[in-house]
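Here's data-v8.txt, which has compact mmCIF, N, CA and C atoms:
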# COMPACT_ATOMS: atom_id res chain seq x y z
N MET A 1 8.30 -11.77 1.73
CA MET A 1 7.38 -11.22 0.76
C MET A 1 8.10 -11.12 -0.58
N GLY A 2 7.55 -11.76 -1.57
CA GLY A 2 8.17 -11.85 -2.88
C GLY A 2 8.39 -10.50 -3.55
N ALA A 3 7.48 -9.56 -3.34
CA ALA A 3 7.63 -8.24 -3.96
C ALA A 3 8.88 -7.55 -3.46
N ALA A 4 9.14 -7.65 -2.17
CA ALA A 4 10.33 -7.00 -1.60
C ALA A 4 11.60 -7.63 -2.15
N VAL A 5 11.63 -8.94 -2.25
CA VAL A 5 12.81 -9.62 -2.78
C VAL A 5 13.04 -9.21 -4.23
N THR A 6 11.99 -9.24 -5.01
CA THR A 6 12.10 -8.91 -6.43
C THR A 6 12.57 -7.47 -6.64
N LEU A 7 11.94 -6.53 -5.95
CA LEU A 7 12.32 -5.13 -6.11
C LEU A 7 13.71 -4.86 -5.57
N ASP A 8 14.07 -5.52 -4.48
CA ASP A 8 15.42 -5.37 -3.94
C ASP A 8 16.46 -5.85 -4.95
N ARG A 9 16.20 -6.97 -5.58
CA ARG A 9 17.13 -7.49 -6.58
C ARG A 9 17.25 -6.57 -7.79
N LEU A 10 16.21 -5.77 -8.04
CA LEU A 10 16.25 -4.81 -9.14
C LEU A 10 16.90 -3.48 -8.71
N GLY A 11 17.30 -3.40 -7.44
CA GLY A 11 17.99 -2.22 -6.96
C GLY A 11 17.09 -1.07 -6.54
N VAL A 12 15.82 -1.34 -6.33
CA VAL A 12 14.87 -0.29 -5.95
C VAL A 12 15.12 0.14 -4.50
N GLN A 13 15.13 1.44 -4.29
CA GLN A 13 15.31 1.99 -2.94
C GLN A 13 14.00 1.91 -2.16
N PRO A 14 14.07 1.59 -0.88
CA PRO A 14 12.84 1.54 -0.07
C PRO A 14 12.04 2.84 -0.11
N ARG A 15 12.74 3.97 -0.11
CA ARG A 15 12.02 5.25 -0.10
C ARG A 15 11.18 5.45 -1.37
N SER A 16 11.62 4.87 -2.48
CA SER A 16 10.84 4.98 -3.72
C SER A 16 9.52 4.23 -3.60
N VAL A 17 9.56 3.06 -3.00
CA VAL A 17 8.34 2.26 -2.82
C VAL A 17 7.43 2.93 -1.78
N ALA A 18 8.02 3.46 -0.72
CA ALA A 18 7.23 4.16 0.30
C ALA A 18 6.54 5.39 -0.32
N PHE A 19 7.25 6.07 -1.22
CA PHE A 19 6.66 7.23 -1.90
C PHE A 19 5.45 6.80 -2.72
N LEU A 20 5.55 5.65 -3.39
CA LEU A 20 4.40 5.15 -4.14
C LEU A 20 3.22 4.88 -3.21
N GLY A 21 3.51 4.38 -2.02
CA GLY A 21 2.44 4.15 -1.04
C GLY A 21 1.73 5.45 -0.70
N ARG A 22 2.49 6.51 -0.48
CA ARG A 22 1.89 7.81 -0.19
C ARG A 22 1.10 8.33 -1.39
N THR A 23 1.60 8.05 -2.59
CA THR A 23 0.91 8.49 -3.80
C THR A 23 -0.42 7.76 -3.96
N VAL A 24 -0.41 6.46 -3.69
CA VAL A 24 -1.66 5.68 -3.74
C VAL A 24 -2.65 6.23 -2.73
N ARG A 25 -2.18 6.52 -1.54
CA ARG A 25 -3.06 7.03 -0.49
C ARG A 25 -3.66 8.39 -0.91
N SER A 26 -2.90 9.21 -1.61
CA SER A 26 -3.39 10.54 -2.02
C SER A 26 -4.28 10.49 -3.25
N GLY A 27 -3.85 9.73 -4.26
CA GLY A 27 -4.55 9.80 -5.54
C GLY A 27 -5.27 8.54 -5.95
N GLY A 28 -4.99 7.43 -5.29
CA GLY A 28 -5.64 6.17 -5.64
C GLY A 28 -4.72 5.24 -6.41
N THR A 29 -5.09 3.99 -6.40
CA THR A 29 -4.28 2.97 -7.05
C THR A 29 -4.27 3.14 -8.56
N GLY A 30 -5.44 3.36 -9.15
CA GLY A 30 -5.52 3.54 -10.60
C GLY A 30 -4.74 4.75 -11.08
N TYR A 31 -4.85 5.85 -10.36
CA TYR A 31 -4.11 7.06 -10.72
C TYR A 31 -2.61 6.78 -10.68
N THR A 32 -2.16 6.14 -9.62
CA THR A 32 -0.73 5.87 -9.46
C THR A 32 -0.23 4.96 -10.57
N ALA A 33 -1.02 3.94 -10.92
CA ALA A 33 -0.61 3.01 -11.97
C ALA A 33 -0.41 3.70 -13.31
N ARG A 34 -1.12 4.80 -13.54
CA ARG A 34 -1.03 5.52 -14.82
C ARG A 34 0.09 6.56 -14.86
N LEU A 35 0.81 6.76 -13.77
CA LEU A 35 1.91 7.73 -13.79
C LEU A 35 2.99 7.26 -14.76
N PRO A 36 3.60 8.18 -15.49
CA PRO A 36 4.58 7.78 -16.51
C PRO A 36 5.84 7.11 -15.97
N GLU A 37 6.32 7.54 -14.81
CA GLU A 37 7.55 6.98 -14.27
C GLU A 37 7.33 6.67 -12.80
N LEU A 38 6.99 5.42 -12.53
CA LEU A 38 6.69 5.03 -11.15
C LEU A 38 7.94 4.94 -10.29
N LEU A 39 8.99 4.39 -10.86
CA LEU A 39 10.26 4.22 -10.15
C LEU A 39 11.38 4.64 -11.09
N PRO A 40 12.54 4.98 -10.54
CA PRO A 40 13.66 5.39 -11.40
C PRO A 40 14.12 4.30 -12.37
N GLU A 41 13.97 3.04 -12.00
CA GLU A 41 14.41 1.93 -12.84
C GLU A 41 13.26 1.48 -13.75
N PRO A 42 13.44 1.52 -15.08
CA PRO A 42 12.35 1.16 -16.00
C PRO A 42 11.81 -0.26 -15.78
N ALA A 43 12.67 -1.24 -15.55
CA ALA A 43 12.20 -2.61 -15.36
C ALA A 43 11.34 -2.71 -14.10
N ALA A 44 11.74 -2.02 -13.06
CA ALA A 44 10.97 -2.03 -11.82
C ALA A 44 9.65 -1.28 -12.00
N SER A 45 9.66 -0.21 -12.78
CA SER A 45 8.42 0.52 -13.06
C SER A 45 7.43 -0.37 -13.79
N ASP A 46 7.91 -1.08 -14.78
CA ASP A 46 7.02 -1.98 -15.53
C ASP A 46 6.43 -3.05 -14.63
N LEU A 47 7.26 -3.60 -13.77
CA LEU A 47 6.81 -4.65 -12.86
C LEU A 47 5.75 -4.13 -11.89
N ILE A 48 6.04 -3.03 -11.23
CA ILE A 48 5.12 -2.52 -10.23
C ILE A 48 3.85 -1.97 -10.87
N ARG A 49 3.96 -1.47 -12.10
CA ARG A 49 2.77 -1.01 -12.81
C ARG A 49 1.79 -2.17 -13.01
N GLY A 50 2.32 -3.34 -13.35
CA GLY A 50 1.46 -4.52 -13.48
C GLY A 50 0.77 -4.87 -12.17
N TRP A 51 1.51 -4.78 -11.08
CA TRP A 51 0.91 -5.06 -9.76
C TRP A 51 -0.17 -4.05 -9.43
N LEU A 52 0.11 -2.77 -9.70
CA LEU A 52 -0.87 -1.73 -9.40
C LEU A 52 -2.10 -1.83 -10.30
N ASP A 53 -1.90 -2.16 -11.57
CA ASP A 53 -3.03 -2.35 -12.48
C ASP A 53 -3.93 -3.48 -11.98
N ALA A 54 -3.31 -4.58 -11.56
CA ALA A 54 -4.09 -5.71 -11.03
C ALA A 54 -4.84 -5.30 -9.77
N ALA A 55 -4.18 -4.57 -8.88
CA ALA A 55 -4.83 -4.13 -7.65
C ALA A 55 -5.96 -3.16 -7.95
N ALA A 56 -5.74 -2.26 -8.91
CA ALA A 56 -6.76 -1.27 -9.26
C ALA A 56 -8.01 -1.93 -9.82
N SER A 57 -7.84 -3.08 -10.45
CA SER A 57 -9.01 -3.76 -11.04
C SER A 57 -9.92 -4.38 -9.98
N VAL A 58 -9.42 -4.56 -8.77
CA VAL A 58 -10.24 -5.18 -7.72
C VAL A 58 -10.39 -4.31 -6.47
N ALA A 59 -9.51 -3.33 -6.28
CA ALA A 59 -9.54 -2.51 -5.07
C ALA A 59 -10.67 -1.49 -5.14
N ARG A 60 -11.48 -1.48 -4.10
CA ARG A 60 -12.53 -0.47 -4.02
C ARG A 60 -11.89 0.86 -3.64
N PRO A 61 -12.40 1.95 -4.19
CA PRO A 61 -11.83 3.25 -3.85
C PRO A 61 -11.80 3.48 -2.33
N VAL A 62 -10.85 4.17 -1.89
CA VAL A 62 -10.56 4.55 -0.52
C VAL A 62 -10.13 3.34 0.31
N GLU A 63 -11.01 2.40 0.58
CA GLU A 63 -10.65 1.24 1.40
C GLU A 63 -9.58 0.40 0.72
N GLY A 64 -9.79 0.08 -0.54
CA GLY A 64 -8.81 -0.72 -1.28
C GLY A 64 -7.51 0.02 -1.50
N ASP A 65 -7.62 1.32 -1.74
CA ASP A 65 -6.41 2.12 -1.91
C ASP A 65 -5.58 2.13 -0.63
N GLU A 66 -6.23 2.17 0.50
CA GLU A 66 -5.52 2.14 1.77
C GLU A 66 -4.79 0.82 1.96
N VAL A 67 -5.41 -0.27 1.56
CA VAL A 67 -4.77 -1.58 1.65
C VAL A 67 -3.54 -1.62 0.75
N VAL A 68 -3.67 -1.13 -0.47
CA VAL A 68 -2.54 -1.10 -1.40
C VAL A 68 -1.42 -0.21 -0.86
N ALA A 69 -1.77 0.94 -0.31
CA ALA A 69 -0.76 1.85 0.26
C ALA A 69 -0.02 1.18 1.40
N ARG A 70 -0.74 0.49 2.26
CA ARG A 70 -0.10 -0.21 3.38
C ARG A 70 0.80 -1.34 2.88
N TRP A 71 0.36 -2.03 1.84
CA TRP A 71 1.17 -3.09 1.26
C TRP A 71 2.48 -2.53 0.72
N LEU A 72 2.40 -1.42 -0.01
CA LEU A 72 3.62 -0.79 -0.54
C LEU A 72 4.55 -0.35 0.59
N GLU A 73 3.99 0.19 1.65
CA GLU A 73 4.81 0.59 2.79
C GLU A 73 5.48 -0.62 3.44
N ALA A 74 4.75 -1.73 3.53
CA ALA A 74 5.33 -2.95 4.09
C ALA A 74 6.46 -3.47 3.20
N VAL A 75 6.26 -3.42 1.89
CA VAL A 75 7.30 -3.84 0.95
C VAL A 75 8.54 -2.96 1.13
N ALA A 76 8.34 -1.66 1.28
CA ALA A 76 9.47 -0.75 1.49
C ALA A 76 10.22 -1.10 2.77
N GLU A 77 9.50 -1.40 3.83
CA GLU A 77 10.14 -1.78 5.09
C GLU A 77 10.96 -3.06 4.93
N LEU A 78 10.40 -4.02 4.22
CA LEU A 78 11.11 -5.29 4.03
C LEU A 78 12.36 -5.12 3.18
N ILE A 79 12.30 -4.27 2.18
CA ILE A 79 13.50 -4.00 1.38
C ILE A 79 14.57 -3.39 2.29
N GLY A 80 14.17 -2.44 3.12
CA GLY A 80 15.11 -1.83 4.05
C GLY A 80 15.70 -2.84 5.02
N LEU A 81 14.89 -3.74 5.53
CA LEU A 81 15.38 -4.78 6.44
C LEU A 81 16.35 -5.72 5.75
N ARG A 82 16.05 -6.08 4.52
CA ARG A 82 16.97 -6.94 3.76
C ARG A 82 18.33 -6.26 3.60
N ARG A 83 18.32 -5.00 3.29
CA ARG A 83 19.59 -4.28 3.09
C ARG A 83 20.35 -4.14 4.40
N THR A 84 19.67 -3.83 5.47
CA THR A 84 20.32 -3.71 6.77
C THR A 84 20.94 -5.03 7.18
N THR A 85 20.22 -6.12 6.97
CA THR A 85 20.72 -7.45 7.32
C THR A 85 21.97 -7.80 6.50
N ARG A 86 21.93 -7.49 5.21
CA ARG A 86 23.09 -7.75 4.36
C ARG A 86 24.30 -6.95 4.81
N GLU A 87 24.07 -5.68 5.14
CA GLU A 87 25.17 -4.83 5.58
C GLU A 87 25.80 -5.36 6.87
N ARG A 88 24.97 -5.80 7.78
CA ARG A 88 25.49 -6.33 9.06
C ARG A 88 26.24 -7.63 8.85
N ALA A 89 25.73 -8.45 7.94
CA ALA A 89 26.39 -9.73 7.67
C ALA A 89 27.75 -9.53 6.98
N ALA A 90 27.88 -8.46 6.23
CA ALA A 90 29.12 -8.20 5.51
C ALA A 90 30.22 -7.66 6.41
N ARG A 91 29.86 -7.24 7.60
CA ARG A 91 30.88 -6.70 8.53
C ARG A 91 31.71 -7.76 9.14
Translate the structure of the given file into structure tokens.
Amino acid sequence: MGAAVTLDRLGVQPRSVAFLGRTVRSGGTGYTARLPELLPEPAASDLIRGWLDAAASVARPVEGDEVVARWLEAVAELIGLRRTTRERAAR
């Protein structure tokens, strides 16, 4: 998944992306996209804000927000798997 690779290369922690998934589930995709600081890294925040804005333009409330939240959680899992794999390979 390209999002996981891109965010991993920007140094984003999986827990930060998972938190965004929970935020989308609670407040919606549009609400989350408008938060001032989505991620600790400004470049990653700008990138993910664009993704969330695009999703908000087509995602229906509740159902679409759930899809976006699940996608963010999947991205977080993939980032974590990439890091675990790298750590094991470095041993």
Report as a PyMOL selection string: the residues of chain A with a DSSP assignment of alpha helix (DSSP H), based on the backbone of this structure. chain A and resi 2-9+14-27+29-33+42-58+63-90
Considering only N, CA and C atoms, can you say which of A:Ala33, A:Met1, A:Ala18, A:Ala56 comes closest to Ala76 of chain A?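 Distance minimum relative to Ala76 of chain A lands on A:Ala18.
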Calculated over only N, CA and C atoms, which of the candidates A:Val67, A:Leu72, A:Ile48, A:Leu81 has the smallest distance to Phe19 of chain A? A:Leu72
Mind giving me the straight-line distance from atom CA of Thr23 of chain A to atom C of Leu78 of chain A in Å, one decimal?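 Between atom CA of Thr23 of chain A and atom C of Leu78 of chain A the gap is 19.1 Å.
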Please indicate the distance in Å from atom C of Trp71 of chain A to atom N of Arg91 of chain A, rounded to one decimal place.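 That distance, rounded to one decimal, is 28.6 Å.
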Residues within 6 Å of segment 7-11 of chain A, please, as a PyMOL selection string. Count all atoms listed in the file; anything in the same chain fewer than 4 positions from it doesn't count. chain A and resi 2-3+79
Pro61 of chain A surroundings by only C-alpha atoms, 10 Å radius, close-in-sequence under 5 positions cut, as a PyMOL selection string: chain A and resi 27-30+56+66
Of the residues A:Val68, A:Val75, A:Leu52, A:Ala59, which is the one nearest to Pro14 of chain A, using only N, CA and C atoms?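 Ranking A:Val68, A:Val75, A:Leu52, A:Ala59 by distance to Pro14 of chain A, first place goes to A:Val75.
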Within 7 Å of Arg22 of chain A using only N, CA and C atoms, minus same-chain residues under 5 positions, as a ChimeraX atom specification: /A:17,27,69,73
